[in-house]
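K.L.:
Take a look at the following structure, please.
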Amino acid sequence: MATLYYSFHSPDYDYMNFTIKVVMGIKNEGRHIQYSVNKIELI
């Protein structure tokens with residue numbers, strides 16, 4: 001299981017400034033990949 005964070009930053013567009021969280025897991029010897037992507041708010 002891996003949890004990754006990525007922050008988008010745009011000097012021109014305020015709506016493009018946000019952070020996402022990606023959670024990935026691999027099962028059954030690499031045959032099944034499951035993932036989730038969520039926009040999150042950092043305080």
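Residues in the structure tokens are numbered from 1 in each chain, the chains being A, B, ... in the order shown, and ligands are numbered from 1 in the order shown.
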From a DSSP pass on the backbone, collect the residues of range 2-39 of chain A flagged as strand (DSSP E) and hand them back as a list in words.

P.N.:
Ala2, Thr3, Leu4, Tyr5, Tyr6, Ser7, Phe8, Phe18, Thr19, Ile20, Lys21, Val22, Val23, Met24, Gly25, Ile26, Lys27, His32, Ile33, Gln34, Tyr35, Ser36, Val37, Asn38 and Lys39 of chain A

K.L.:
Write out as a PyMOL selection string each polymer residue whose atoms come within 9 Å of Leu4 in chain A, counting only C-alpha atoms; drop sequence neighbours fewer than 5 positions from it.

P.N.:
chain A and resi 20-24

K.L.:
Save the residues we just selected, all heavy atoms, as a short mmCIF file (atom, residue, chain, number, x, y, z; two decimals), in the first residue's frame?

P.N.:
data_model
loop_
_atom_site.label_atom_id
_atom_site.label_comp_id
_atom_site.auth_asym_id
_atom_site.auth_seq_id
_atom_site.Cartn_x
_atom_site.Cartn_y
_atom_site.Cartn_z
N ILE A 20 -3.83 16.72 -3.90
CA ILE A 20 -4.55 15.45 -4.03
C ILE A 20 -3.80 14.37 -3.26
O ILE A 20 -2.59 14.46 -3.03
CB ILE A 20 -4.73 15.01 -5.50
CG1 ILE A 20 -3.38 14.79 -6.19
CG2 ILE A 20 -5.60 15.97 -6.26
CD1 ILE A 20 -3.49 14.08 -7.53
N LYS A 21 -4.55 13.36 -2.84
CA LYS A 21 -3.98 12.20 -2.18
C LYS A 21 -4.32 10.98 -3.03
O LYS A 21 -5.47 10.76 -3.39
CB LYS A 21 -4.56 12.03 -0.78
CG LYS A 21 -4.06 10.82 -0.04
CD LYS A 21 -4.56 10.82 1.39
CE LYS A 21 -5.59 9.77 1.57
NZ LYS A 21 -5.98 9.60 2.98
N VAL A 22 -3.30 10.20 -3.39
CA VAL A 22 -3.47 8.98 -4.17
C VAL A 22 -3.08 7.80 -3.29
O VAL A 22 -1.99 7.78 -2.73
CB VAL A 22 -2.59 9.00 -5.45
CG1 VAL A 22 -2.78 7.72 -6.24
CG2 VAL A 22 -2.88 10.21 -6.29
N VAL A 23 -3.99 6.84 -3.14
CA VAL A 23 -3.72 5.62 -2.38
C VAL A 23 -3.74 4.47 -3.36
O VAL A 23 -4.71 4.29 -4.09
CB VAL A 23 -4.77 5.41 -1.28
CG1 VAL A 23 -4.47 4.13 -0.50
CG2 VAL A 23 -4.81 6.60 -0.33
N MET A 24 -2.64 3.70 -3.40
CA MET A 24 -2.53 2.57 -4.34
C MET A 24 -2.20 1.29 -3.60
O MET A 24 -1.44 1.32 -2.64
CB MET A 24 -1.44 2.84 -5.37
CG MET A 24 -1.70 4.02 -6.26
SD MET A 24 -0.52 4.19 -7.61
CE MET A 24 1.02 4.30 -6.74
#

K.L.:
Write out as an MDAnalysis selection string the residues lying within 8 Å of His9 in chain A, counting only C-alpha atoms and excluding same-chain residues fewer than 4 positions away.

P.N.:
chainID A and resid 16:18

K.L.:
Would you export the selected residues with C-alpha atoms as a compact mmCIF listing (two decimals), in the first residue's frame, please?

P.N.:
# COMPACT_ATOMS: atom_id res chain seq x y z
CA MET A 16 -5.74 25.08 -9.76
CA ASN A 17 -4.10 25.40 -6.32
CA PHE A 18 -4.99 22.21 -4.46

K.L.:
To one decimal in Å, tell me the separation between CA of Ile40 in chain A and CA of Thr19 in chain A.

P.N.:
5.7 Å

K.L.:
For Ile26 in chain A, which residue out of A:Asn38, A:Tyr13, A:Tyr6, A:Met1 is the nearest one, using only C-alpha atoms?

P.N.:
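Of the candidates, the smallest distance to Ile26 in chain A is held by A:Met1.
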